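J.: Hey, dropping run34.pdb in here, PDB, C-alpha atoms and all ligand atoms:
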ATOM      1  CA  MET A  22       0.000   0.000   0.000
ATOM      2  CA  ILE A  23       2.981   2.344   0.600
ATOM      3  CA  LYS A  24       4.072   3.749  -2.772
ATOM      4  CA  GLU A  25       7.307   5.443  -1.680
ATOM      5  CA  ASP A  26       9.173   5.333   1.608
ATOM      6  CA  ASN A  27      12.616   6.401   0.521
ATOM      7  CA  LEU A  28      12.350  10.125   1.114
ATOM      8  CA  THR A  29      15.431  12.321   1.459
ATOM      9  CA  SER A  30      15.930  13.937   4.850
ATOM     10  CA  THR A  31      15.203  17.399   3.336
ATOM     11  CA  GLN A  32      11.869  16.081   2.017
ATOM     12  CA  LYS A  33      11.084  14.615   5.431
ATOM     13  CA  HIS A  34      11.861  17.853   7.247
ATOM     14  CA  LYS A  35       9.746  19.904   4.871
ATOM     15  CA  LEU A  36       6.862  17.412   5.132
ATOM     16  CA  ALA A  37       7.005  17.421   8.911
ATOM     17  CA  LEU A  38       6.223  21.138   8.816
ATOM     18  CA  ASP A  39       3.329  20.756   6.388
ATOM     19  CA  LEU A  40       1.571  17.563   7.506
ATOM     20  CA  LYS A  41      -1.280  17.157   9.956
ATOM     21  CA  PRO A  42      -2.812  13.899  11.260
ATOM     22  CA  VAL A  43      -6.458  12.949  10.696
ATOM     23  CA  PHE A  44      -8.279   9.683  11.285
ATOM     24  CA  ILE A  45      -8.417   7.707   8.032
ATOM     25  CA  ALA A  46     -12.243   7.387   8.248
ATOM     26  CA  GLN A  47     -12.477  11.166   7.852
ATOM     27  CA  LEU A  48     -11.431  10.822   4.205
ATOM     28  CA  SER A  49     -14.853   9.253   3.501
ATOM     29  CA  ILE A  50     -16.373  12.734   3.259
ATOM     30  CA  ILE A  51     -14.224  13.902   0.294
ATOM     31  CA  ASP A  52     -13.360  12.514  -3.156
ATOM     32  CA  SER A  53      -9.682  13.449  -3.500
ATOM     33  CA  LEU A  54      -6.839  15.558  -2.108
ATOM     34  CA  THR A  55      -4.891  18.479  -3.572
ATOM     35  CA  HIS A  56      -1.552  17.202  -2.183
ATOM     36  CA  ASP A  57       0.020  13.799  -1.506
ATOM     37  CA  ALA A  58      -0.860  12.060   1.786
ATOM     38  CA  TYR A  59       1.463   9.998   3.995
ATOM     39  CA  CYS A  60       1.474   7.315   6.637
ATOM     40  CA  PHE A  61       3.928   7.230   9.531
ATOM     41  CA  VAL A  62       5.157   3.747  10.361
ATOM     42  CA  ASP A  63       8.073   2.857  12.653
ATOM     43  CA  GLY A  64       9.360   6.420  12.492
ATOM     44  CA  HIS A  65       9.254   6.573   8.667
ATOM     45  CA  LEU A  66       6.989   8.585   6.404
ATOM     46  CA  GLY A  67       5.565   6.713   3.429
ATOM     47  CA  LEU A  68       3.591   8.072   0.484
ATOM     48  CA  VAL A  69       0.174   6.333   0.410
ATOM     49  CA  LEU A  70      -2.149   8.523  -1.630
ATOM     50  CA  GLU A  71      -1.252  10.854  -4.467
ATOM     51  CA  GLU A  72      -2.865  14.201  -5.160
ATOM     52  CA  ASP A  73      -6.074  13.936  -7.215
ATOM     53  CA  GLU A  74      -6.192  10.142  -6.732
ATOM     54  CA  LEU A  75      -9.758   8.959  -6.103
ATOM     55  CA  ILE A  76     -10.390   8.087  -2.445
ATOM     56  CA  THR A  77     -12.387   4.856  -2.368
ATOM     57  CA  ASN A  78     -13.974   2.961   0.534
ATOM     58  CA  ASP A  79     -11.628   0.064  -0.270
ATOM     59  CA  PHE A  80      -8.604   2.341   0.163
ATOM     60  CA  ILE A  81      -9.913   3.505   3.558
ATOM     61  CA  LYS A  82     -10.604  -0.074   4.694
ATOM     62  CA  ASP A  83      -7.212  -1.364   3.460
ATOM     63  CA  TYR A  84      -5.383   1.508   5.099
ATOM     64  CA  ALA A  85      -7.177   0.975   8.425
ATOM     65  CA  SER A  86      -6.451  -2.753   8.459
ATOM     66  CA  THR A  87      -2.835  -2.685   7.214
ATOM     67  CA  ILE A  88      -1.458   0.644   8.452
ATOM     68  CA  GLY A  89      -3.645   2.106  11.191
ATOM     69  CA  LYS A  90      -6.213   4.713  12.077
ATOM     70  CA  GLU A  91      -4.207   7.887  11.311
ATOM     71  CA  ILE A  92      -3.121   9.370   7.990
ATOM     72  CA  PHE A  93      -1.082  12.568   7.456
ATOM     73  CA  LEU A  94      -2.435  15.250   5.122
ATOM     74  CA  HIS A  95      -0.946  18.469   3.811
ATOM     75  CA  LYS A  96      -2.167  21.405   5.928
ATOM     76  CA  LYS A  97      -4.132  22.791   2.937
ATOM     77  CA  ASP A  98      -6.033  19.505   2.553
ATOM     78  CA  PHE A  99      -6.511  19.419   6.314
ATOM     79  CA  GLN A 100      -8.199  22.816   6.108
ATOM     80  CA  LEU A 101     -10.330  21.849   3.075
ATOM     81  CA  LEU A 102     -11.405  18.636   4.793
ATOM     82  CA  ASN A 103     -12.471  20.502   7.918
ATOM     83  CA  GLU A 104     -14.366  23.144   5.972
ATOM     84  CA  SER A 105     -16.222  20.415   4.106
ATOM     85  CA  LEU A 106     -16.919  18.624   7.409
ATOM     86  CA  SER A 107     -18.373  21.721   9.032
ATOM     87  CA  GLU A 108     -20.541  22.450   5.943
ATOM     88  CA  GLN A 109     -21.834  18.868   5.765
ATOM     89  CA  LEU A 110     -22.597  18.869   9.478
ATOM     90  CA  THR A 111     -24.569  22.133   9.283
ATOM     91  CA  LYS A 112     -26.518  20.810   6.276
ATOM     92  CA  MET A 113     -27.238  17.488   7.974
ATOM     93  CA  THR A 114     -28.273  19.216  11.224
ATOM     94  CA  ARG A 115     -30.930  21.169   9.320
ATOM     95  CA  SER A 116     -32.416  18.112   7.604
ATOM     96  CA  LEU A 117     -31.963  15.535  10.370
ATOM     97  CA  SER A 118     -35.645  14.730  10.803
ATOM     98  CA  ILE A 119     -36.375  14.540   7.058
ATOM     99  CA  GLY A 120     -36.334  11.063   5.472
ATOM    100  CA  ASP A 121     -34.697   7.937   6.921
ATOM    101  CA  GLN A 122     -33.910   8.831  10.530
ATOM    102  CA  VAL A 123     -31.600   5.878  11.175
ATOM    103  CA  LYS A 124     -29.472   6.756   8.138
ATOM    104  CA  ASN A 125     -29.482  10.435   9.093
ATOM    105  CA  SER A 126     -28.469   9.726  12.682
ATOM    106  CA  ILE A 127     -25.574   7.515  11.507
ATOM    107  CA  LYS A 128     -24.308  10.191   9.120
ATOM    108  CA  GLN A 129     -24.664  12.868  11.792
ATOM    109  CA  ALA A 130     -22.901  10.783  14.470
ATOM    110  CA  ASN A 131     -20.010  10.033  12.090
ATOM    111  CA  LEU A 132     -19.593  13.682  11.114
ATOM    112  CA  LEU A 133     -19.726  14.663  14.798
ATOM    113  CA  SER A 134     -17.072  12.067  15.610
ATOM    114  CA  PHE A 135     -14.760  13.456  12.916
ATOM    115  CA  GLN A 136     -15.291  16.990  14.165
ATOM    116  CA  MET A 137     -14.662  15.832  17.742
ATOM    117  CA  ASN A 138     -11.179  14.945  16.549
ATOM    118  CA  ASN A 139     -10.759  18.562  15.403
ATOM    119  CA  LEU A 140     -11.818  19.733  18.830
ATOM    120  CA  TYR A 141      -9.129  17.575  20.395
ATOM    121  CA  ASN A 142      -6.668  19.338  18.064
ATOM    122  CA  ASP A 143      -7.950  22.779  18.994
ATOM    123  CA  PRO A 144     -10.551  22.883  21.799
ATOM    124  CA  PHE A 145     -10.447  26.701  21.832
ATOM    125  CA  ASP A 146     -11.834  27.120  18.302
ATOM    126  CA  ASN A 147     -15.168  28.764  19.102
ATOM    127  CA  GLU A 148     -16.673  28.223  15.675
ATOM    128  CA  VAL A 149     -16.003  24.476  15.735
ATOM    129  CA  LEU A 150     -17.179  24.135  19.351
ATOM    130  CA  THR A 151     -20.450  26.002  18.647
ATOM    131  CA  ASN A 152     -21.084  23.941  15.512
ATOM    132  CA  GLN A 153     -20.357  20.728  17.425
ATOM    133  CA  PHE A 154     -22.635  21.712  20.304
ATOM    134  CA  LEU A 155     -25.622  22.694  18.142
ATOM    135  CA  SER A 156     -25.230  19.647  15.910
ATOM    136  CA  SER A 157     -25.074  17.229  18.850
ATOM    137  CA  LYS A 158     -28.057  18.988  20.465
ATOM    138  CA  ASN A 159     -30.096  18.257  17.329
ATOM    139  CA  LEU A 160     -28.963  14.642  17.386
ATOM    140  CA  ALA A 161     -30.089  14.424  21.037
ATOM    141  CA  THR A 162     -33.542  15.715  20.034
ATOM    142  CA  LEU A 163     -33.787  13.124  17.258
ATOM    143  CA  LEU A 164     -32.679  10.274  19.546
ATOM    144  CA  SER A 165     -35.061  11.404  22.294
ATOM    145  CA  GLY A 166     -37.923  10.769  19.923
ATOM    146  CA  SER A 167     -37.118   7.131  19.148
ATOM    147  CA  ALA A 168     -35.618   4.316  21.198
ATOM    148  CA  GLU A 169     -35.292   2.254  18.013
ATOM    149  CA  VAL A 170     -33.204   4.900  16.208
ATOM    150  CA  SER A 171     -30.935   5.120  19.292
ATOM    151  CA  LYS A 172     -30.471   1.351  19.345
ATOM    152  CA  SER A 173     -29.685   1.152  15.612
ATOM    153  CA  LEU A 174     -27.254   4.056  15.911
ATOM    154  CA  PHE A 175     -25.468   2.466  18.880
ATOM    155  CA  LYS A 176     -25.135  -0.809  16.988
ATOM    156  CA  ASN A 177     -23.795   0.933  13.894
ATOM    157  CA  MET A 178     -21.330   3.162  15.780
ATOM    158  CA  LYS A 179     -19.979   0.130  17.609
ATOM    159  CA  LYS A 180     -19.363  -1.544  14.237
ATOM    160  CA  GLN A 181     -17.682   1.583  12.786
ATOM    161  CA  ASN A 182     -14.810   0.991  15.160
ATOM    162  CA  HIS A 183     -13.700   4.628  15.299
ATOM    163  CA  HIS A 184     -10.670   5.363  17.435
ATOM    164  CA  TYR A 185     -11.990   5.068  20.987
ATOM    165  CA  MET A 186     -11.173   8.705  21.756
ATOM    166  CA  ILE A 187     -13.905   9.821  19.367
ATOM    167  CA  GLY A 188     -16.101   6.705  19.491
ATOM    168  CA  GLN A 189     -16.429   6.378  23.260
ATOM    169  CA  PRO A 190     -18.133   9.773  23.966
ATOM    170  CA  MET A 191     -20.764   9.098  21.293
ATOM    171  CA  LEU A 192     -21.457   5.480  22.355
ATOM    172  CA  SER A 193     -21.665   6.263  26.072
ATOM    173  CA  SER A 194     -23.970   9.228  25.429
ATOM    174  CA  ILE A 195     -26.357   7.202  23.227
ATOM    175  CA  LEU A 196     -26.496   4.506  25.913
ATOM    176  CA  LEU A 197     -27.069   7.163  28.583
ATOM    177  CA  LEU A 198     -29.952   8.793  26.717
ATOM    178  CA  SER A 199     -31.552   5.389  26.044
ATOM    179  CA  PHE A 200     -31.332   4.536  29.741
ATOM    180  CA  LEU A 201     -32.677   7.919  30.867
ATOM    181  CA  LYS A 202     -35.664   7.584  28.529
ATOM    182  CA  GLU A 203     -36.474   4.175  29.937
ATOM    183  CA  ALA A 204     -35.837   5.060  33.603
ATOM    184  CA  LYS A 205     -38.069   8.152  33.403
ATOM    185  CA  LEU A 206     -36.128   9.872  36.203
ATOM    186  CA  PHE A 207     -35.882  13.326  34.636
ATOM    187  CA  THR A 208     -37.602  15.619  32.143
ATOM    188  CA  GLU A 209     -36.933  15.447  28.395
ATOM    189  CA  GLN A 210     -34.867  18.659  28.631
ATOM    190  CA  GLU A 211     -32.763  17.283  31.496
ATOM    191  CA  ASN A 212     -32.173  14.049  29.563
ATOM    192  CA  GLN A 213     -30.902  16.015  26.570
ATOM    193  CA  ASN A 214     -28.653  18.202  28.738
ATOM    194  CA  LEU A 215     -27.217  15.067  30.330
ATOM    195  CA  PHE A 216     -26.574  13.664  26.829
ATOM    196  CA  LEU A 217     -24.644  16.852  25.975
ATOM    197  CA  ALA A 218     -22.704  16.858  29.253
ATOM    198  CA  SER A 219     -21.789  13.232  28.610
ATOM    199  CA  TYR A 220     -20.804  13.869  25.002
ATOM    200  CA  PHE A 221     -18.447  16.776  25.805
ATOM    201  CA  LYS A 222     -17.044  15.374  29.035
ATOM    202  CA  ASP A 223     -13.726  14.137  27.601
ATOM    203  CA  ILE A 224     -12.575  17.297  25.775
ATOM    204  CA  GLY A 225      -9.921  17.712  28.499
ATOM    205  CA  MET A 226      -8.137  14.655  27.067
ATOM    206  CA  CYS A 227      -6.740  17.082  24.462
ATOM    207  CA  PHE A 228      -3.995  17.876  26.988
ATOM    208  CA  VAL A 229      -2.883  14.231  26.953
ATOM    209  CA  GLY A 230      -0.528  13.677  24.006
ATOM    210  CA  ARG A 231      -1.980  11.644  21.139
ATOM    211  CA  ASP A 232       0.979   9.292  21.307
ATOM    212  CA  LYS A 233      -0.186   8.341  24.825
ATOM    213  CA  TRP A 234      -3.784   7.472  23.889
ATOM    214  CA  ASP A 235      -2.933   3.915  22.838
ATOM    215  CA  GLU A 236      -0.314   3.124  25.458
ATOM    216  CA  SER A 237      -0.746   1.148  28.658
ATOM    217  CA  ASP A 238       2.660   1.983  30.105
ATOM    218  CA  LEU A 239       2.298   5.610  31.172
ATOM    219  CA  THR A 240       4.529   7.891  33.220
ATOM    220  CA  LYS A 241       3.289   9.512  36.430
ATOM    221  CA  PHE A 242       3.018  12.815  34.522
ATOM    222  CA  ASP A 243       0.755  11.238  31.853
ATOM    223  CA  LYS A 244      -1.375   9.536  34.505
ATOM    224  CA  ASN A 245      -1.849  12.864  36.295
ATOM    225  CA  ASN A 246      -2.844  14.489  33.015
ATOM    226  CA  ILE A 247      -5.436  11.781  32.413
ATOM    227  CA  SER A 248      -6.791  11.945  35.928
ATOM    228  CA  SER A 249      -7.326  15.723  35.618
ATOM    229  CA  HIS A 250      -9.045  15.477  32.205
ATOM    230  CA  SER A 251     -12.558  15.863  33.647
ATOM    231  CA  GLU A 252     -11.646  19.065  35.468
ATOM    232  CA  ASN A 253      -9.896  20.354  32.339
ATOM    233  CA  SER A 254     -12.998  19.546  30.260
ATOM    234  CA  MET A 255     -15.059  21.740  32.560
ATOM    235  CA  LYS A 256     -12.496  24.575  32.378
ATOM    236  CA  ILE A 257     -12.394  24.398  28.557
ATOM    237  CA  LEU A 258     -16.198  24.465  28.240
ATOM    238  CA  ASN A 259     -17.076  26.887  31.048
ATOM    239  CA  GLY A 260     -18.975  29.877  29.622
ATOM    240  CA  ARG A 261     -18.615  28.681  26.023
ATOM    241  CA  ILE A 262     -21.541  26.261  25.663
ATOM    242  CA  ASP A 263     -25.166  26.525  26.706
ATOM    243  CA  LEU A 264     -25.076  24.215  29.745
ATOM    244  CA  SER A 265     -25.746  25.387  33.311
ATOM    245  CA  LYS A 266     -23.373  25.009  36.278
ATOM    246  CA  LYS A 267     -25.112  21.772  37.318
ATOM    247  CA  TYR A 268     -24.087  20.062  34.056
ATOM    248  CA  LEU A 269     -20.588  21.580  34.103
ATOM    249  CA  ASN A 270     -20.200  20.063  37.572
ATOM    250  CA  ILE A 271     -21.238  16.681  36.189
ATOM    251  CA  ILE A 272     -18.542  17.071  33.497
ATOM    252  CA  LYS A 273     -16.009  18.093  36.144
ATOM    253  CA  HIS A 274     -16.709  14.973  38.225
ATOM    254  CA  HIS A 275     -17.708  12.451  35.552
ATOM    255  CA  ASP A 276     -14.830  10.118  36.420
ATOM    256  CA  PHE A 277     -15.370  10.160  40.183
ATOM    257  CA  LEU A 278     -16.488   6.508  40.159
ATOM    258  CA  ASN A 279     -13.153   5.463  38.633
ATOM    259  CA  LYS A 280     -11.357   7.319  41.396
ATOM    260  CA  LYS A 281     -13.679   5.765  43.993
ATOM    261  CA  ALA A 282     -13.080   2.289  42.546
ATOM    262  CA  PHE A 283      -9.315   2.827  42.523
ATOM    263  CA  ALA A 284      -9.444   3.878  46.184
ATOM    264  CA  LYS A 285     -11.622   0.869  47.080
ATOM    265  CA  ILE A 286      -9.389  -1.628  45.262
ATOM    266  CA  ASN A 287      -6.196  -0.135  46.707
ATOM    267  CA  LYS A 288      -7.750   0.358  50.163
ATOM    268  CA  ILE A 289      -7.070   4.107  50.118
ATOM    269  CA  GLN A 290      -9.328   6.640  51.792
ATOM    270  CA  TYR A 291     -11.699   8.206  49.223
ATOM    271  CA  GLU A 292     -13.046  11.667  49.907
ATOM    272  CA  SER A 293     -16.097  12.564  47.870
ATOM    273  CA  ASP A 294     -16.357  16.160  46.639
ATOM    274  CA  PRO A 295     -19.451  17.976  48.022
ATOM    275  CA  GLU A 296     -20.120  19.233  44.464
ATOM    276  CA  ILE A 297     -21.131  15.671  43.475
ATOM    277  CA  THR A 298     -24.795  15.718  44.321
ATOM    278  CA  GLY A 299     -27.704  13.622  43.117
ATOM    279  CA  ILE A 300     -27.787  10.540  40.963
ATOM    280  CA  GLU A 301     -27.033  12.285  37.641
ATOM    281  CA  THR A 302     -23.210  12.155  37.855
ATOM    282  CA  THR A 303     -23.393   8.480  38.870
ATOM    283  CA  ILE A 304     -25.577   7.584  35.870
ATOM    284  CA  VAL A 305     -23.314   9.470  33.422
ATOM    285  CA  ALA A 306     -20.270   7.717  34.936
ATOM    286  CA  VAL A 307     -21.914   4.281  34.947
ATOM    287  CA  CYS A 308     -22.831   4.434  31.233
ATOM    288  CA  ASP A 309     -19.312   5.657  30.423
ATOM    289  CA  ILE A 310     -17.668   2.842  32.398
ATOM    290  CA  PHE A 311     -20.022   0.187  30.993
ATOM    291  CA  VAL A 312     -19.287   1.154  27.364
ATOM    292  CA  ALA A 313     -15.543   1.475  28.030
ATOM    293  CA  MET A 314     -15.306  -1.911  29.766
ATOM    294  CA  THR A 315     -17.245  -3.774  27.074
ATOM    295  CA  SER A 316     -15.091  -2.245  24.291
ATOM    296  CA  LYS A 317     -11.621  -3.248  23.147
ATOM    297  CA  ARG A 318      -8.728  -0.819  23.606
ATOM    298  CA  PRO A 319      -5.337  -0.870  21.839
ATOM    299  CA  TYR A 320      -3.788  -1.788  25.216
ATOM    300  CA  ARG A 321      -6.369  -4.343  26.482
ATOM    301  CA  ASP A 322      -9.183  -6.692  25.451
ATOM    302  CA  GLU A 323     -12.810  -5.970  26.200
ATOM    303  CA  TYR A 324     -14.379  -7.282  29.418
ATOM    304  CA  SER A 325     -17.462  -9.463  29.312
ATOM    305  CA  PHE A 326     -20.957  -8.046  29.813
ATOM    306  CA  PHE A 327     -21.175  -9.772  33.216
ATOM    307  CA  LYS A 328     -17.758  -8.587  34.412
ATOM    308  CA  ALA A 329     -18.753  -4.998  33.555
ATOM    309  CA  LEU A 330     -22.078  -5.388  35.357
ATOM    310  CA  GLU A 331     -20.320  -6.821  38.407
ATOM    311  CA  PHE A 332     -18.079  -3.736  38.500
ATOM    312  CA  ILE A 333     -21.086  -1.391  38.150
ATOM    313  CA  LYS A 334     -22.732  -3.235  41.053
ATOM    314  CA  LEU A 335     -19.697  -2.537  43.218
ATOM    315  CA  LEU A 336     -19.839   1.163  42.334
ATOM    316  CA  MET A 337     -23.570   1.820  42.398
ATOM    317  CA  ALA A 338     -25.658  -0.770  44.205
ATOM    318  CA  ASP A 339     -25.023   0.347  47.804
ATOM    319  CA  GLU A 340     -25.877   3.986  47.279
ATOM    320  CA  TYR A 341     -28.580   3.663  44.604
ATOM    321  CA  PRO A 342     -30.056   0.117  44.865
ATOM    322  CA  GLN A 343     -33.289   0.990  43.068
ATOM    323  CA  GLU A 344     -31.592   2.723  40.124
ATOM    324  CA  TYR A 345     -29.068  -0.133  39.928
ATOM    325  CA  LYS A 346     -31.931  -2.620  39.460
ATOM    326  CA  VAL A 347     -33.446  -0.443  36.708
ATOM    327  CA  PHE A 348     -30.011  -0.223  35.037
ATOM    328  CA  VAL A 349     -29.522  -4.020  35.082
ATOM    329  CA  LYS A 350     -32.960  -4.573  33.563
ATOM    330  CA  PHE A 351     -32.371  -1.907  30.920
ATOM    331  CA  ILE A 352     -28.847  -2.964  29.944
ATOM    332  CA  THR A 353     -29.804  -6.646  29.675
ATOM    333  CA  LYS A 354     -32.650  -5.818  27.305
ATOM    334  CA  PHE A 355     -30.542  -3.306  25.364
ATOM    335  CA  PHE A 356     -27.642  -5.696  24.746
ATOM    336  CA  LYS A 357     -29.911  -8.651  23.981
ATOM    337  CA  SER A 358     -31.319  -6.692  21.050
ATOM    338  CA  MET A 359     -27.837  -5.911  19.655
TER     339      MET A 359
HETATM  340 FE    FE B 401     -13.617  10.774  30.782
END
Reformat the file's structure so that it appears as structure tokens.
T.:
Amino acid sequence: MIKEDNLTSTQKHKLALDLKPVFIAQLSIIDSLTHDAYCFVDGHLGLVLEEDELITNDFIKDYASTIGKEIFLHKKDFQLLNESLSEQLTKMTRSLSIGDQVKNSIKQANLLSFQMNNLYNDPFDNEVLTNQFLSSKNLATLLSGSAEVSKSLFKNMKKQNHHYMIGQPMLSSILLLSFLKEAKLFTEQENQNLFLASYFKDIGMCFVGRDKWDESDLTKFDKNNISSHSENSMKILNGRIDLSKKYLNIIKHHDFLNKKAFAKINKIQYESDPEITGIETTIVAVCDIFVAMTSKRPYRDEYSFFKALEFIKLLMADEYPQEYKVFVKFITKFFKSM
């Protein structure tokens, strides 16, 4: 698949200045590039796609299975790709409820996932953040209206196998909204706000280097960066999206169950923050953990459905026994229909 990997060092240095990484699946929204594109394998750049060459689904599939999830584009193509993405997302957002809603929701969720990657690259781009927020709000409205559309979308997104950094927020938020609809604990508006809080909760991971996302062996510095991602998400979003303090607090503490579990397992004292009030943060965290545990990561296999449920029991059953029972009933039915 690599056409040329014998570049001179001058070529390599020049390319390093001009290239930007995107997930290979993002190329599905355009037909061709205006410059050559490269892969980066074992420290070497290799030419994989020439300018004006037609981008086919087969190329994307082959690349993903033989090389990996990231491809390097010239900065001009990177810009064109992102402009096209933003345009397509705006167009789709306007016509989301017209025609086949399952198909529309899949297209919308994919476009959102690609744009989420751009937010990880630059979380302070107001235009992109606003577009992402409004587009995901419309998706939440569509999913609120149909449990079947949510289920089909979840199934499809799971199959898409996006990089987990962009796939996980979407999957956990779809599961969350499906559960909230069934549990009937909150109003429609609250359910949608919780979907949005859940979807944007991992933006703070942008401060963790991309090269660390797929590694299991992390330094103390990296681990600290990861453990402060929820607080950083809140700081990045504060005052920039239309969510009240209550939801920003949920974002800030969305990983508190992981910290509680770590303390429990390691027999360390865990001090809960007084800002964590109500069941909402627990439900957001539980859906996040359930999806993460039942999905494969580059550094570990997926856990079984029962192992994940056992872990959720440990984290939730004592404090919220009733809601835990509703969750078990819901999740069993949800996964049986997958
Ligand atoms: Fe998170």
J.: If the limit is 9 Å from any atom of ligand FE 401 (chain B), counting only C-alpha atoms and all ligand atoms, which residues qualify? Return them as a ChimeraX atom specification.
T.: /A:190,219,222-226,247-248,250-251,254,272,275-276,306,309
J.: Determine, counting only C-alpha atoms, which protein, DNA and RNA residues have an atom within 10 Å of an atom of A:Glu236; residues of the same chain fewer than 2 positions away are not included. Present the result as a PyMOL selection string.
T.: chain A and resi 231-234+238-239+318-321
J.: Hey, what's within 8 Å of A:Thr111 if we count all atoms listed in the file and toss same-chain stuff fewer than 4 positions away? As a list in words, please?
T.: Ser107, Arg115, Asn152 and Ser156 of chain A
J.: I need the residue nearest A:Ser118 from this list: A:Ser165, A:Asp83, A:Lys96, A:Phe135. Use all atoms listed in the file for the distance.
T.: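 Ranked by minimum distance to A:Ser118, first place goes to A:Ser165.
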J.: For A:Thr55, which residue out of A:Leu70, A:Leu164, A:Leu215, A:Ala85 is the nearest one, using all atoms listed in the file?
T.: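 Result for the nearest residue to A:Thr55: A:Leu70.
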J.: Using only C-alpha atoms, can you tell me which of A:Asn78, A:Val170, A:Gly67, A:Ile271 comes closest to A:Thr29?
T.: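 Closest residue, counting only C-alpha atoms: A:Gly67.
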J.: Written as a PyMOL selection string, which residues does the PyMOL selection byres (((chain A and resi 36) around 10) and not hetatm) give for the file shown?
T.: chain A and resi 28+30-35+37-41+58-59+66+93-96
J.: May I have the residues from that selection written out with C-alpha atoms, as a PDB file, keeping the file's coordinate frame?
T.:
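File written: part.pdb
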ATOM      1  CA  LEU A  28      12.350  10.125   1.114  1.00  0.00           C
ATOM      2  CA  SER A  30      15.930  13.937   4.850  1.00  0.00           C
ATOM      3  CA  THR A  31      15.203  17.399   3.336  1.00  0.00           C
ATOM      4  CA  GLN A  32      11.869  16.081   2.017  1.00  0.00           C
ATOM      5  CA  LYS A  33      11.084  14.615   5.431  1.00  0.00           C
ATOM      6  CA  HIS A  34      11.861  17.853   7.247  1.00  0.00           C
ATOM      7  CA  LYS A  35       9.746  19.904   4.871  1.00  0.00           C
ATOM      8  CA  ALA A  37       7.005  17.421   8.911  1.00  0.00           C
ATOM      9  CA  LEU A  38       6.223  21.138   8.816  1.00  0.00           C
ATOM     10  CA  ASP A  39       3.329  20.756   6.388  1.00  0.00           C
ATOM     11  CA  LEU A  40       1.571  17.563   7.506  1.00  0.00           C
ATOM     12  CA  LYS A  41      -1.280  17.157   9.956  1.00  0.00           C
ATOM     13  CA  ALA A  58      -0.860  12.060   1.786  1.00  0.00           C
ATOM     14  CA  TYR A  59       1.463   9.998   3.995  1.00  0.00           C
ATOM     15  CA  LEU A  66       6.989   8.585   6.404  1.00  0.00           C
ATOM     16  CA  PHE A  93      -1.082  12.568   7.456  1.00  0.00           C
ATOM     17  CA  LEU A  94      -2.435  15.250   5.122  1.00  0.00           C
ATOM     18  CA  HIS A  95      -0.946  18.469   3.811  1.00  0.00           C
ATOM     19  CA  LYS A  96      -2.167  21.405   5.928  1.00  0.00           C
TER      20      LYS A  96
END
J.: Extract, using only C-alpha atoms, all DNA, RNA and protein residues at most 9 Å from A:Gln290, discarding same-chain residues fewer than 3 positions from it, and format them as number ranges by chain.
T.: A: 281, 284-285
J.: Using all atoms listed in the file, pick whichever of A:Ser249, A:Thr315, A:Gln47, A:Ser199 has the shortest atom-to-atom distance to A:Asn139.
T.: A:Gln47
J.: Please determine the residues with any atom at most 10 Å from (-18.9, -1.7, 28.3) (coordinates as given in the file, with only C-alpha atoms counting) and report them as a list in words.
T.: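 Selection result: Gln189, Leu192, Ser193, Val307, Cys308, Asp309, Ile310, Phe311, Val312, Ala313, Met314, Thr315, Ser316, Lys317, Glu323, Tyr324, Ser325, Phe326, Phe327, Lys328, Ala329 and Leu330 of chain A.
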J.: Taking all atoms of stretch 177-192 of chain A that appear in the file, build a box with edges along x, y and z, extend it by 4 Å on every side, and state its centre and edge lengths in Å to one decimal, as lines of an AutoDock Vina configuration file.
T.:
center_x = -17.2
center_y = 4.1
center_z = 18.4
size_x = 21.1
size_y = 19.4
size_z = 19.2
